[in-house]
Each structure stands twice: as C-alpha cells, then as structure tokens.
file start_36.csv (CSV, C-alpha atoms)
chain,number,residue,atom,x,y,z
A,264,MET,CA,12.1,59.1,-23.9
A,265,SER,CA,11.4,55.5,-24.8
A,266,ILE,CA,9.7,53.0,-22.5
A,267,THR,CA,8.9,49.4,-23.3
A,268,LEU,CA,6.1,47.3,-21.8
A,269,ASP,CA,6.0,43.5,-21.8
A,270,ILE,CA,4.0,40.7,-20.2
A,271,ARG,CA,5.7,37.4,-19.1
A,272,LEU,CA,4.0,34.4,-17.7
A,273,LYS,CA,5.7,31.9,-15.4
A,274,ARG,CA,4.4,28.9,-17.5
A,275,ALA,CA,6.6,28.4,-20.6
A,276,ASN,CA,3.9,26.6,-22.6
A,277,LYS,CA,1.3,29.3,-21.9
A,278,VAL,CA,-1.4,26.6,-21.4
A,279,TYR,CA,-4.0,27.0,-18.6
A,280,HIS,CA,-7.2,25.3,-17.5
A,281,GLU,CA,-10.3,26.9,-16.0
A,282,GLY,CA,-9.9,27.7,-12.3
A,283,GLU,CA,-6.1,28.0,-12.5
A,284,VAL,CA,-4.2,31.3,-11.8
A,285,LEU,CA,-2.1,33.1,-14.4
A,286,ALA,CA,1.0,34.2,-12.6
A,287,GLY,CA,3.7,36.4,-14.2
A,288,VAL,CA,5.2,39.8,-14.3
A,289,VAL,CA,4.7,43.0,-16.2
A,290,VAL,CA,8.1,44.2,-17.3
A,291,LEU,CA,8.8,47.9,-17.8
A,292,ALA,CA,12.1,49.1,-19.1
A,293,SER,CA,13.1,52.8,-19.6
A,294,LYS,CA,16.3,54.9,-19.4
A,295,GLU,CA,14.8,57.4,-17.0
A,296,ALA,CA,12.0,57.6,-14.4
A,297,VAL,CA,8.5,57.7,-15.9
A,298,GLN,CA,5.2,59.1,-14.5
A,299,HIS,CA,2.1,57.1,-15.1
A,300,GLN,CA,-1.6,57.3,-14.1
A,301,GLY,CA,-2.0,53.6,-13.3
A,302,ILE,CA,-1.2,50.1,-14.8
A,303,SER,CA,-4.0,47.6,-15.3
A,304,LEU,CA,-4.4,44.1,-16.8
A,305,THR,CA,-7.4,42.9,-18.7
A,306,MET,CA,-8.2,39.2,-19.5
A,307,GLU,CA,-10.4,38.6,-22.5
A,308,GLY,CA,-11.8,35.5,-24.1
A,309,VAL,CA,-13.8,35.8,-27.3
A,310,VAL,CA,-15.3,33.6,-29.9
A,311,ASN,CA,-15.2,35.4,-33.3
A,312,LEU,CA,-17.5,34.0,-35.9
A,313,GLN,CA,-17.3,35.0,-39.5
A,314,LEU,CA,-19.5,34.2,-42.5
A,315,SER,CA,-18.0,32.8,-45.7
A,316,SER,CA,-18.6,34.8,-48.8
A,317,LYS,CA,-21.1,32.2,-50.1
A,318,SER,CA,-23.3,32.7,-47.0
A,319,VAL,CA,-23.3,36.5,-46.8
A,320,GLY,CA,-26.7,37.8,-47.7
A,321,VAL,CA,-28.4,34.4,-47.5
A,322,PHE,CA,-29.9,34.8,-44.0
A,323,GLU,CA,-30.7,38.2,-42.5
A,324,ALA,CA,-30.9,36.5,-39.1
A,325,PHE,CA,-27.2,35.5,-39.4
A,326,TYR,CA,-26.0,38.9,-38.7
A,327,ASN,CA,-27.2,38.8,-35.1
A,328,SER,CA,-25.9,35.3,-34.5
A,329,VAL,CA,-22.3,36.0,-35.8
A,330,LYS,CA,-21.6,38.7,-33.2
A,331,PRO,CA,-18.5,38.0,-31.1
A,332,ILE,CA,-19.4,35.8,-28.1
A,333,GLN,CA,-17.6,37.0,-25.0
A,334,LEU,CA,-16.5,34.1,-22.7
A,335,ILE,CA,-14.5,36.1,-20.1
A,336,ASN,CA,-13.7,39.7,-19.4
A,337,SER,CA,-12.1,40.8,-16.2
A,338,ASN,CA,-9.7,43.5,-15.0
A,339,ILE,CA,-7.2,44.0,-12.2
A,340,GLU,CA,-5.1,46.9,-11.2
A,341,VAL,CA,-1.3,46.1,-11.2
A,342,ALA,CA,0.0,49.4,-10.0
A,343,LYS,CA,-1.6,52.7,-8.8
A,344,ALA,CA,-0.7,56.0,-10.3
A,345,GLY,CA,2.9,57.0,-9.5
A,346,LYS,CA,6.4,56.9,-10.8
A,347,ILE,CA,8.5,54.1,-12.3
A,348,PRO,CA,12.2,54.4,-11.7
A,349,GLY,CA,14.7,54.2,-14.6
A,350,GLY,CA,16.0,50.8,-15.6
A,351,LYS,CA,14.0,47.5,-15.6
A,352,THR,CA,11.1,47.1,-13.3
A,353,GLU,CA,9.1,43.9,-12.8
A,354,ILE,CA,5.7,44.0,-11.3
A,355,PRO,CA,4.3,40.6,-10.3
A,356,PHE,CA,0.6,39.7,-10.8
A,357,GLU,CA,-1.8,36.8,-10.3
A,358,PHE,CA,-4.9,36.6,-12.3
A,359,PRO,CA,-7.5,33.8,-11.7
A,360,LEU,CA,-8.9,32.3,-14.9
A,361,SER,CA,-12.6,31.9,-13.9
A,362,THR,CA,-15.8,32.8,-15.6
A,363,LYS,CA,-18.8,34.6,-14.2
A,364,GLY,CA,-22.2,32.8,-14.2
A,365,ASN,CA,-22.6,29.6,-16.1
A,366,LYS,CA,-20.3,30.5,-19.1
A,367,VAL,CA,-18.0,27.8,-20.4
A,368,LEU,CA,-14.4,28.4,-21.4
A,369,TYR,CA,-14.0,26.7,-24.8
A,370,GLU,CA,-10.5,25.5,-25.9
A,371,THR,CA,-8.3,27.9,-27.8
A,372,TYR,CA,-8.8,27.3,-31.5
A,373,HIS,CA,-7.7,29.2,-34.6
A,374,GLY,CA,-10.0,28.4,-37.5
A,375,VAL,CA,-11.2,30.2,-40.7
A,376,PHE,CA,-14.7,31.0,-39.8
A,377,VAL,CA,-14.5,30.3,-36.0
A,378,ASN,CA,-11.8,31.7,-33.8
A,379,ILE,CA,-11.5,31.2,-30.0
A,380,GLN,CA,-8.8,33.3,-28.5
A,381,TYR,CA,-7.7,34.4,-25.0
A,382,ILE,CA,-5.6,37.4,-24.5
A,383,LEU,CA,-4.0,39.4,-21.6
A,384,ARG,CA,-3.8,43.1,-22.3
A,385,CYS,CA,-1.7,45.5,-20.2
A,386,ASP,CA,-2.5,49.2,-20.3
A,387,MET,CA,-0.4,51.9,-18.8
A,388,LYS,CA,-2.2,55.2,-18.6
A,389,ARG,CA,-0.1,58.4,-18.9
A,390,SER,CA,-0.6,62.1,-18.7
A,391,LEU,CA,-2.3,64.0,-21.5
A,392,LEU,CA,0.9,64.8,-23.5
A,393,ALA,CA,2.3,61.3,-23.4
A,394,LYS,CA,0.8,58.4,-25.3
A,395,ASP,CA,-0.8,55.6,-23.3
A,396,LEU,CA,1.1,52.3,-23.6
A,397,ASN,CA,-0.5,48.9,-24.1
A,398,ARG,CA,0.7,45.4,-24.9
A,399,THR,CA,-1.3,42.2,-25.7
A,400,PHE,CA,-0.3,38.6,-25.1
A,401,GLU,CA,-2.1,35.5,-26.1
A,402,PHE,CA,-2.3,32.5,-23.8
A,403,MET,CA,-3.9,29.1,-24.5
A,404,VAL,CA,-6.8,27.5,-22.6
A,405,HIS,CA,-7.3,23.7,-22.7
A,406,CYS,CA,-10.6,22.2,-21.6
A,407,GLN,CA,-10.7,19.8,-18.7
A,408,PRO,CA,-9.9,16.2,-19.8
A,409,GLN,CA,-12.9,13.9,-19.9
A,410,LYS,CA,-13.0,11.3,-17.1
A,411,ALA,CA,-14.6,8.5,-19.2
A,412,LYS,CA,-12.3,6.1,-20.8
A,413,LEU,CA,-12.1,6.5,-24.6
A,414,VAL,CA,-13.2,3.4,-26.5
A,415,PRO,CA,-11.3,3.2,-29.8
A,416,THR,CA,-13.6,2.8,-32.8
A,417,PRO,CA,-11.5,1.2,-35.6
A,418,VAL,CA,-12.8,1.5,-39.1
A,419,ASP,CA,-12.0,-0.7,-42.1
A,420,PHE,CA,-12.4,0.6,-45.6
A,421,THR,CA,-12.4,-0.8,-49.1
A,422,ILE,CA,-12.2,1.6,-52.1
A,423,THR,CA,-13.3,0.3,-55.5
A,424,PRO,CA,-15.1,2.1,-58.5
A,425,GLU,CA,-18.4,0.7,-57.1
A,426,THR,CA,-18.0,2.3,-53.6
A,427,LEU,CA,-17.4,5.8,-55.0
A,428,GLN,CA,-20.1,8.5,-54.9
A,429,ASN,CA,-20.5,11.6,-57.1
A,430,VAL,CA,-19.4,9.7,-60.2
A,431,GLN,CA,-20.8,10.6,-63.6
A,432,GLU,CA,-19.5,7.8,-65.9
A,433,ARG,CA,-18.8,4.8,-63.6
A,434,SER,CA,-18.1,2.5,-66.7
A,435,LEU,CA,-15.2,4.8,-67.8
A,436,LEU,CA,-13.4,4.5,-64.4
A,437,PRO,CA,-10.2,2.4,-64.3
A,438,ARG,CA,-10.4,-0.8,-62.1
A,439,PHE,CA,-8.7,-0.5,-58.7
A,440,LEU,CA,-9.0,-2.1,-55.2
A,441,ILE,CA,-7.6,-0.4,-52.2
A,442,ARG,CA,-8.1,-1.7,-48.6
A,443,GLY,CA,-7.1,-0.2,-45.3
A,444,HIS,CA,-8.1,0.7,-41.8
A,445,LEU,CA,-7.9,3.5,-39.3
A,446,ASN,CA,-7.2,2.4,-35.7
A,447,ALA,CA,-9.7,4.9,-34.3
A,448,THR,CA,-12.1,7.6,-35.4
A,449,ASN,CA,-12.6,8.7,-31.7
A,450,CYS,CA,-9.2,10.3,-31.4
A,451,VAL,CA,-7.2,11.6,-28.5
A,452,ILE,CA,-6.1,15.1,-29.7
A,453,THR,CA,-2.6,14.6,-28.2
A,454,GLU,CA,-2.0,11.3,-29.9
A,455,PRO,CA,-1.5,10.6,-33.7
A,456,LEU,CA,-4.1,9.3,-36.0
A,457,THR,CA,-2.8,5.9,-37.1
A,458,GLY,CA,-3.7,3.0,-39.5
A,459,GLU,CA,-2.6,1.4,-42.7
A,460,LEU,CA,-3.5,1.3,-46.3
A,461,MET,CA,-2.8,-1.3,-49.1
A,462,VAL,CA,-3.2,-1.0,-52.9
A,463,GLU,CA,-4.2,-4.5,-53.9
A,464,ASN,CA,-4.5,-3.7,-57.6
A,465,SER,CA,-4.9,-0.7,-59.9
A,466,GLN,CA,-5.2,-0.6,-63.7
A,467,VAL,CA,-3.8,2.9,-63.8
A,468,ALA,CA,-0.5,4.0,-62.2
A,469,ILE,CA,-0.8,5.9,-58.9
A,470,LYS,CA,0.8,9.3,-58.7
A,471,SER,CA,0.4,10.0,-54.9
A,472,ILE,CA,-1.5,9.0,-51.8
A,473,GLU,CA,-2.3,11.7,-49.3
A,474,LEU,CA,-4.0,12.3,-45.9
A,475,GLN,CA,-6.0,15.5,-45.7
A,476,LEU,CA,-7.2,16.9,-42.4
A,477,VAL,CA,-10.3,19.0,-42.7
A,478,ARG,CA,-12.1,21.4,-40.3
A,479,VAL,CA,-15.8,21.7,-40.7
A,480,GLU,CA,-17.1,24.9,-39.1
A,481,THR,CA,-20.8,25.6,-38.8
A,482,CYS,CA,-22.1,29.1,-37.8
A,483,GLY,CA,-25.7,30.0,-37.5
A,484,CYS,CA,-29.0,30.0,-35.6
A,485,ALA,CA,-32.5,28.5,-35.8
A,486,GLU,CA,-33.1,30.1,-39.2
A,487,GLY,CA,-30.3,28.4,-40.9
A,488,TYR,CA,-26.7,27.3,-40.8
A,489,ALA,CA,-23.6,28.0,-42.9
A,490,ARG,CA,-21.4,25.0,-43.0
A,491,ASP,CA,-17.9,25.3,-44.4
A,492,ALA,CA,-15.1,22.7,-44.8
A,493,THR,CA,-11.5,23.9,-45.2
A,494,GLU,CA,-8.2,22.1,-45.2
A,495,ILE,CA,-5.9,22.2,-42.2
A,496,GLN,CA,-3.0,20.1,-43.5
A,497,ASN,CA,-2.2,17.6,-46.2
A,498,ILE,CA,0.4,14.9,-45.7
A,499,GLN,CA,1.7,12.7,-48.5
A,500,ILE,CA,2.1,9.1,-47.3
A,501,ALA,CA,3.1,7.6,-50.6
A,502,GLU,CA,4.8,8.9,-53.7
A,503,GLY,CA,4.6,7.4,-57.2
A,504,ASP,CA,3.2,4.0,-58.2
A,505,VAL,CA,3.5,2.0,-55.0
A,506,CYS,CA,4.0,-1.7,-54.9
A,507,HIS,CA,0.7,-3.7,-54.9
A,508,GLY,CA,0.1,-5.7,-51.7
A,509,LEU,CA,2.5,-3.5,-49.6
A,510,SER,CA,1.1,-2.1,-46.3
A,511,ILE,CA,1.6,1.7,-46.2
A,512,PRO,CA,1.4,3.2,-42.6
A,513,ILE,CA,-1.1,6.1,-41.9
A,514,TYR,CA,0.3,8.5,-39.3
A,515,MET,CA,-0.9,12.0,-38.7
A,516,VAL,CA,-0.3,14.3,-35.7
A,517,PHE,CA,-3.0,16.8,-34.9
A,518,PRO,CA,-1.6,20.3,-35.0
A,519,ARG,CA,-1.9,22.5,-31.9
A,520,LEU,CA,-4.1,25.6,-32.2
A,521,PHE,CA,-5.6,24.5,-35.5
A,522,THR,CA,-7.5,21.6,-33.9
A,523,CYS,CA,-9.4,21.4,-30.6
A,524,PRO,CA,-11.8,18.8,-29.1
A,525,THR,CA,-14.9,18.5,-31.3
A,526,LEU,CA,-17.2,21.3,-30.1
A,527,GLU,CA,-20.9,21.8,-30.5
A,528,THR,CA,-22.8,24.9,-29.1
A,529,THR,CA,-26.0,26.7,-29.9
A,530,ASN,CA,-24.3,29.2,-32.3
A,531,PHE,CA,-21.4,27.3,-33.8
A,532,LYS,CA,-19.9,23.9,-34.2
A,533,VAL,CA,-16.3,22.8,-34.9
A,534,GLU,CA,-15.9,19.3,-36.3
A,535,PHE,CA,-13.0,17.4,-38.0
A,536,GLU,CA,-12.7,14.9,-40.8
A,537,VAL,CA,-9.9,13.1,-42.5
A,538,ASN,CA,-9.8,12.3,-46.3
A,539,VAL,CA,-7.7,9.6,-47.7
A,540,VAL,CA,-6.9,10.9,-51.2
A,541,ILE,CA,-5.4,8.7,-54.0
A,542,VAL,CA,-4.2,10.7,-57.0
A,543,LEU,CA,-4.0,8.6,-60.2
A,544,HIS,CA,-1.6,9.4,-63.1
A,545,ASP,CA,-4.3,10.9,-65.2
A,546,ASP,CA,-5.0,13.2,-62.3
A,547,HIS,CA,-8.2,11.5,-61.3
A,548,LEU,CA,-8.8,12.0,-57.5
A,549,ILE,CA,-10.3,9.2,-55.4
A,550,THR,CA,-11.3,10.4,-52.0
A,551,GLU,CA,-12.6,8.5,-49.0
A,552,ASN,CA,-14.0,10.6,-46.1
A,553,PHE,CA,-14.0,9.7,-42.4
A,554,PRO,CA,-15.6,12.0,-39.7
A,555,LEU,CA,-13.4,12.2,-36.6
A,556,LYS,CA,-14.3,12.9,-33.0
A,557,LEU,CA,-11.5,14.6,-31.2
A,558,CYS,CA,-11.3,14.7,-27.4
A,559,ARG,CA,-8.8,15.3,-24.6
A,560,VAL,CA,-8.3,12.6,-21.9

call {"tool": "encode", "arguments": {"input": "start_36.csv", "output": "structure tokens"}}
result
Amino acid sequence: MSITLDIRLKRANKVYHEGEVLAGVVVLASKEAVQHQGISLTMEGVVNLQLSSKSVGVFEAFYNSVKPIQLINSNIEVAKAGKIPGGKTEIPFEFPLSTKGNKVLYETYHGVFVNIQYILRCDMKRSLLAKDLNRTFEFMVHCQPQKAKLVPTPVDFTITPETLQNVQERSLLPRFLIRGHLNATNCVITEPLTGELMVENSQVAIKSIELQLVRVETCGCAEGYARDATEIQNIQIAEGDVCHGLSIPIYMVFPRLFTCPTLETTNFKVEFEVNVVIVLHDDHLITENFPLKLCRV
C-alpha cells in the first residue's frame, strides 16, 4: 500500500520575511484509506558552521563555537489521529514565521563553511507495523530591506606593475597599464555590479579578463577565527588580446542563495569580494581585489 506525502506553499517563489505567514497545503495521495496517529509540521531554521581542514585542531575552543545555531524551531498539528480516505487529500495550514525572544532570522545562504537554511518538515505518525512518513521542504527567508538610502561608492582603479603586491621580481614583470572603475562597492543584492575596464597598453598579449566573485566566511569565537575565501562564480568579460583603449563593460549579477546581505554576528561573518583578474599569455595572473558590501533595499 503506497502513500505519498508532499508540502506545497501558496507562494511560488518560496520567499518569506519575518512576521509573515507560510500558507499552503499538505498533500496526501493513496489508493486506499490510511490510518494514522497524527500529522504535524515543524519549522526549523539553523545556521550550520563548519571548519575548513586547515583550521581543524588549531583551536580547541572552536569546537564549541561551531555547533549549529538554532534560529527558529516551532511545531503545529495539522491533523489529529484518524483515517485518510483513498485518493488525494489536501490539508491546508498556516504557519507564522516568528522567532521566540530576541533571536534574529538571518537571510537564507548556502556557503561552504556557513550555511543558513530554513525547512518545513511534515511528519505523519503511523501504527507500529507501518513506517512513519516524513517530507522536508526548503523555503527562503529574506531579511527586511534597510530603510536608509544607499549611497553609491564608486571606485576607480589603475593596475600597473608598481601597484601590484606579493611580487618577488618586480623588474622581470612586463609593462602594462590598465584603468577602470566600479560604479559601486556598496551594492544592492538584486542589482548587478557594473563598471568598465580599459587596457591602455600591455607589452605582453592578454589571454583573458575575468571577474571573480568570492565569499569570505569567518567562523570562530574570542580565542580565534578561521577565515576562508572561496570562489562563488567566475565570469569572463574579455577573451584574447583585446584592443588597447577600448572600454570593456563590467557586469555581474549576484546569484541567489549563494549570496546574501553582508552579515556579521558574534560567531560568524559572511562577506563578499570581487577580483578583477587579467590572465597574460605567459599565464601570469594579475589580480585586483575589491571588498563589497551587499545589502537589500
């Protein structure tokens, strides 16, 4: 006897804000009537922190600070023990998204060492001989937009052999001059990062110009922090030896789930940076780094 259990929310994009109500239906489908011992819904919001392999064993104190942080955990009963008729049954529910005490709901974020996730879990208890059924469903939480108007902070940059850091033999570097600007480093997460770049001159042929979006995740406590930077996405904005003096547009959309407004708490931080990477034909990499502040308006 097969029975399927599913959760459907009324909102197609599955995005909610604190204080709103998640409304939807629990869908049960079976060929014949089914006895059950009660159907319940659980809402969970958890921050999972993980240490990178280079940080494991460095700080004993870390192991306490990287325990999962619970943001929300509440439960409602959808149906009392009874019988579900054969066919398809939809049981409506409404579940308020609100925290207890002074806890804050952080925005949904899927990272490498920091993960902020919200799920709805439906459990259908059954008699001893039949297996309990459960189904989980992820929904997204967005933080409330900030009221203050965002002031764009444009930044101009010039890249030459003299401006580079971490260079062993500066005299051996080929000559080049690259100028450009980013229209803002205080970015609205729903709008693209824009700007332009121009190769004024270069002794060596250019192979590729790329934009790399990087997440910087910090986990830790007063004893110490583990800070790890990992790539989210890499977009090529120019291929081959580009014309000198030609303006190349910079345009990058922030991916959903893998980015969130810049976040700083006592146990963890999530920050973002963008690298402008110029790959020369001899496979030299020239990288200019810009910290970004993402927010929702």

call {"tool": "atom_distance", "arguments": {"input": "start_36.csv", "atom1": "atom CA of Gln380 of chain A", "atom2": "atom CA of Leu396 of chain A"}}
result
22.0 Å

call {"tool": "closest_residue", "arguments": {"input": "start_36.csv", "among": "A:Leu476, A:Ile379, A:Val278, A:Ile511", "to": "Asn552 of chain A", "atoms": "all atoms listed in the file"}}
result
A:Leu476

call {"tool": "residues_around", "arguments": {"input": "start_36.csv", "residues": "Ile513 of chain A", "least_positions_apart": "5", "cutoff": "9 Å", "atoms": "all atoms listed in the file", "output": "list in words"}}
result
His444, Leu445, Leu456, Thr457, Gly458, Glu459, Leu460, Leu474 and Ile500 of chain A

call {"tool": "closest_residue", "arguments": {"input": "start_36.csv", "among": "A:Pro524, A:Pro348, A:Pro437, A:Gly374", "to": "Cys406 of chain A", "atoms": "all atoms listed in the file"}}
result
A:Pro524

call {"tool": "residues_around", "arguments": {"input": "start_36.csv", "residues": "Ser361 of chain A", "least_positions_apart": "3", "cutoff": "10 Å", "atoms": "only C-alpha atoms", "output": "mmCIF file with C-alpha atoms, in the frame of the given file"}}
result
data_model
loop_
_atom_site.group_PDB
_atom_site.id
_atom_site.type_symbol
_atom_site.label_atom_id
_atom_site.label_comp_id
_atom_site.auth_asym_id
_atom_site.auth_seq_id
_atom_site.Cartn_x
_atom_site.Cartn_y
_atom_site.Cartn_z
ATOM 1 C CA HIS A 280 -7.200 25.300 -17.500
ATOM 2 C CA GLU A 281 -10.300 26.900 -16.000
ATOM 3 C CA GLY A 282 -9.900 27.700 -12.300
ATOM 4 C CA GLU A 283 -6.100 28.000 -12.500
ATOM 5 C CA VAL A 284 -4.200 31.300 -11.800
ATOM 6 C CA LEU A 334 -16.500 34.100 -22.700
ATOM 7 C CA ILE A 335 -14.500 36.100 -20.100
ATOM 8 C CA ASN A 336 -13.700 39.700 -19.400
ATOM 9 C CA SER A 337 -12.100 40.800 -16.200
ATOM 10 C CA PHE A 358 -4.900 36.600 -12.300
ATOM 11 C CA GLY A 364 -22.200 32.800 -14.200
ATOM 12 C CA LYS A 366 -20.300 30.500 -19.100
ATOM 13 C CA VAL A 367 -18.000 27.800 -20.400
ATOM 14 C CA LEU A 368 -14.400 28.400 -21.400
#

call {"tool": "residues_around", "arguments": {"input": "start_36.csv", "residues": "Thr550 of chain A", "least_positions_apart": "2", "cutoff": "9 Å", "atoms": "all atoms listed in the file", "output": "ChimeraX atom specification"}}
result
/A:422,427,538-542,548,552

call {"tool": "closest_residue", "arguments": {"input": "start_36.csv", "among": "A:Leu360, A:Arg398, A:Val404, A:Pro331", "to": "Asn276 of chain A", "atoms": "all atoms listed in the file"}}
result
A:Val404

call {"tool": "axis_aligned_box", "arguments": {"input": "start_36.csv", "around": "segment 394-399 of chain A", "padding_each_side": "3 Å", "output": "JSON"}}
result
{"center_x": -0.1, "center_y": 50.3, "center_z": -24.5, "size_x": 8.4, "size_y": 22.2, "size_z": 8.4}

call {"tool": "atom_distance", "arguments": {"input": "start_36.csv", "atom1": "atom CA of Gly345 of chain A", "atom2": "atom CA of His299 of chain A"}}
result
5.7 Å

call {"tool": "atom_distance", "arguments": {"input": "start_36.csv", "atom1": "atom CA of Gln428 of chain A", "atom2": "atom CA of Val516 of chain A"}}
result
28.2 Å

call {"tool": "closest_residue", "arguments": {"input": "start_36.csv", "among": "A:Ser390, A:Thr399, A:Ser471, A:Asn446", "to": "Leu304 of chain A", "atoms": "only C-alpha atoms"}}
result
A:Thr399

call {"tool": "residues_near_point", "arguments": {"input": "start_36.csv", "point": "(-17.9, 33.9, -43.9)", "cutoff": "10 Å", "atoms": "only C-alpha atoms", "output": "MDAnalysis selection string"}}
result
chainID A and resid 312:319 329 375:377 482 489:491

call {"tool": "residues_around", "arguments": {"input": "start_36.csv", "residues": "Val533 of chain A", "least_positions_apart": "5", "cutoff": "9 Å", "atoms": "all atoms listed in the file", "output": "CSV table (one decimal) with C-alpha atoms, in the coordinates of the input"}}
result
chain,number,residue,atom,x,y,z
A,374,GLY,CA,-10.0,28.4,-37.5
A,377,VAL,CA,-14.5,30.3,-36.0
A,478,ARG,CA,-12.1,21.4,-40.3
A,479,VAL,CA,-15.8,21.7,-40.7
A,480,GLU,CA,-17.1,24.9,-39.1
A,481,THR,CA,-20.8,25.6,-38.8
A,522,THR,CA,-7.5,21.6,-33.9
A,523,CYS,CA,-9.4,21.4,-30.6
A,524,PRO,CA,-11.8,18.8,-29.1
A,525,THR,CA,-14.9,18.5,-31.3
A,526,LEU,CA,-17.2,21.3,-30.1
A,527,GLU,CA,-20.9,21.8,-30.5
A,528,THR,CA,-22.8,24.9,-29.1

call {"tool": "closest_residue", "arguments": {"input": "start_36.csv", "among": "A:Gly443, A:Pro554, A:Gly349, A:Pro408", "to": "Gly508 of chain A", "atoms": "only C-alpha atoms"}}
result
A:Gly443

call {"tool": "closest_residue", "arguments": {"input": "start_36.csv", "among": "A:Ile441, A:Ile469, A:Leu291, A:Ala296", "to": "Thr426 of chain A", "atoms": "only C-alpha atoms"}}
result
A:Ile441

call {"tool": "residues_near_point", "arguments": {"input": "start_36.csv", "point": "(-4.3, 36.6, -9.8)", "cutoff": "7 Å", "atoms": "only C-alpha atoms", "output": "PyMOL selection string"}}
result
chain A and resi 284-286+356-359

call {"tool": "decode", "arguments": {"input": "start_36.csv", "residues": "segment 449-522 of chain A", "atoms": "C-alpha atoms", "output": "mmCIF file, in the first residue's frame"}}
result
data_model
loop_
_atom_site.group_PDB
_atom_site.id
_atom_site.type_symbol
_atom_site.label_atom_id
_atom_site.label_comp_id
_atom_site.auth_asym_id
_atom_site.auth_seq_id
_atom_site.Cartn_x
_atom_site.Cartn_y
_atom_site.Cartn_z
ATOM 1 C CA ASN A 449 28.080 49.232 -1.693
ATOM 2 C CA CYS A 450 25.848 47.009 -3.796
ATOM 3 C CA VAL A 451 22.147 46.269 -3.820
ATOM 4 C CA ILE A 452 21.959 42.466 -3.929
ATOM 5 C CA THR A 453 19.136 42.471 -6.508
ATOM 6 C CA GLU A 454 21.028 44.729 -8.920
ATOM 7 C CA PRO A 455 24.124 43.884 -10.979
ATOM 8 C CA LEU A 456 27.652 45.002 -10.194
ATOM 9 C CA THR A 457 28.639 47.329 -13.048
ATOM 10 C CA GLY A 458 31.613 49.319 -14.233
ATOM 11 C CA GLU A 459 34.162 49.345 -17.019
ATOM 12 C CA LEU A 460 37.775 48.492 -17.687
ATOM 13 C CA MET A 461 40.281 49.647 -20.323
ATOM 14 C CA VAL A 462 43.653 48.198 -21.291
ATOM 15 C CA GLU A 463 45.709 51.307 -22.162
ATOM 16 C CA ASN A 464 48.849 49.339 -23.031
ATOM 17 C CA SER A 465 50.485 45.979 -22.402
ATOM 18 C CA GLN A 466 53.849 44.610 -23.547
ATOM 19 C CA VAL A 467 52.578 41.033 -23.370
ATOM 20 C CA ALA A 468 49.471 39.768 -25.149
ATOM 21 C CA ILE A 469 46.436 39.311 -22.898
ATOM 22 C CA LYS A 470 44.771 35.897 -22.863
ATOM 23 C CA SER A 471 41.613 36.634 -20.853
ATOM 24 C CA ILE A 472 39.975 39.128 -18.475
ATOM 25 C CA GLU A 473 37.709 37.707 -15.777
ATOM 26 C CA LEU A 474 35.521 38.808 -12.888
ATOM 27 C CA GLN A 475 35.635 36.525 -9.877
ATOM 28 C CA LEU A 476 33.073 36.761 -7.074
ATOM 29 C CA VAL A 477 34.451 35.495 -3.758
ATOM 30 C CA ARG A 478 32.768 34.690 -0.447
ATOM 31 C CA VAL A 479 34.801 35.272 2.708
ATOM 32 C CA GLU A 480 33.435 33.209 5.585
ATOM 33 C CA THR A 481 34.725 33.629 9.125
ATOM 34 C CA CYS A 482 33.817 31.221 11.927
ATOM 35 C CA GLY A 483 35.096 31.458 15.461
ATOM 36 C CA CYS A 484 34.984 32.986 18.906
ATOM 37 C CA ALA A 485 37.112 35.182 21.183
ATOM 38 C CA GLU A 486 40.010 32.676 21.117
ATOM 39 C CA GLY A 487 40.483 32.910 17.382
ATOM 40 C CA TYR A 488 38.894 32.959 13.983
ATOM 41 C CA ALA A 489 39.107 30.787 10.887
ATOM 42 C CA ARG A 490 38.755 32.926 7.781
ATOM 43 C CA ASP A 491 38.265 31.200 4.435
ATOM 44 C CA ALA A 492 37.787 32.717 0.979
ATOM 45 C CA THR A 493 36.207 30.588 -1.769
ATOM 46 C CA GLU A 494 35.034 31.337 -5.283
ATOM 47 C CA ILE A 495 31.292 31.641 -5.993
ATOM 48 C CA GLN A 496 31.442 32.361 -9.710
ATOM 49 C CA ASN A 497 33.866 33.428 -12.403
ATOM 50 C CA ILE A 498 32.711 35.385 -15.454
ATOM 51 C CA GLN A 499 34.924 36.052 -18.443
ATOM 52 C CA ILE A 500 34.412 39.636 -19.680
ATOM 53 C CA ALA A 501 37.040 39.601 -22.438
ATOM 54 C CA GLU A 502 38.720 36.871 -24.489
ATOM 55 C CA GLY A 503 42.095 37.147 -26.206
ATOM 56 C CA ASP A 504 44.315 40.181 -26.744
ATOM 57 C CA VAL A 505 41.760 42.984 -26.531
ATOM 58 C CA CYS A 506 42.109 46.293 -28.395
ATOM 59 C CA HIS A 507 44.024 48.877 -26.376
ATOM 60 C CA GLY A 508 41.996 51.945 -25.451
ATOM 61 C CA LEU A 509 38.687 50.080 -25.825
ATOM 62 C CA SER A 510 36.214 50.332 -22.939
ATOM 63 C CA ILE A 511 35.124 46.836 -21.733
ATOM 64 C CA PRO A 512 31.900 46.726 -19.675
ATOM 65 C CA ILE A 513 31.894 45.034 -16.259
ATOM 66 C CA TYR A 514 28.549 43.395 -15.445
ATOM 67 C CA MET A 515 27.871 40.720 -12.856
ATOM 68 C CA VAL A 516 24.565 39.538 -11.368
ATOM 69 C CA PHE A 517 24.701 38.293 -7.769
ATOM 70 C CA PRO A 518 23.454 34.677 -7.702
ATOM 71 C CA ARG A 519 20.509 33.878 -5.435
ATOM 72 C CA LEU A 520 21.154 31.568 -2.428
ATOM 73 C CA PHE A 521 24.952 31.795 -2.827
ATOM 74 C CA THR A 522 24.971 35.464 -1.805
#
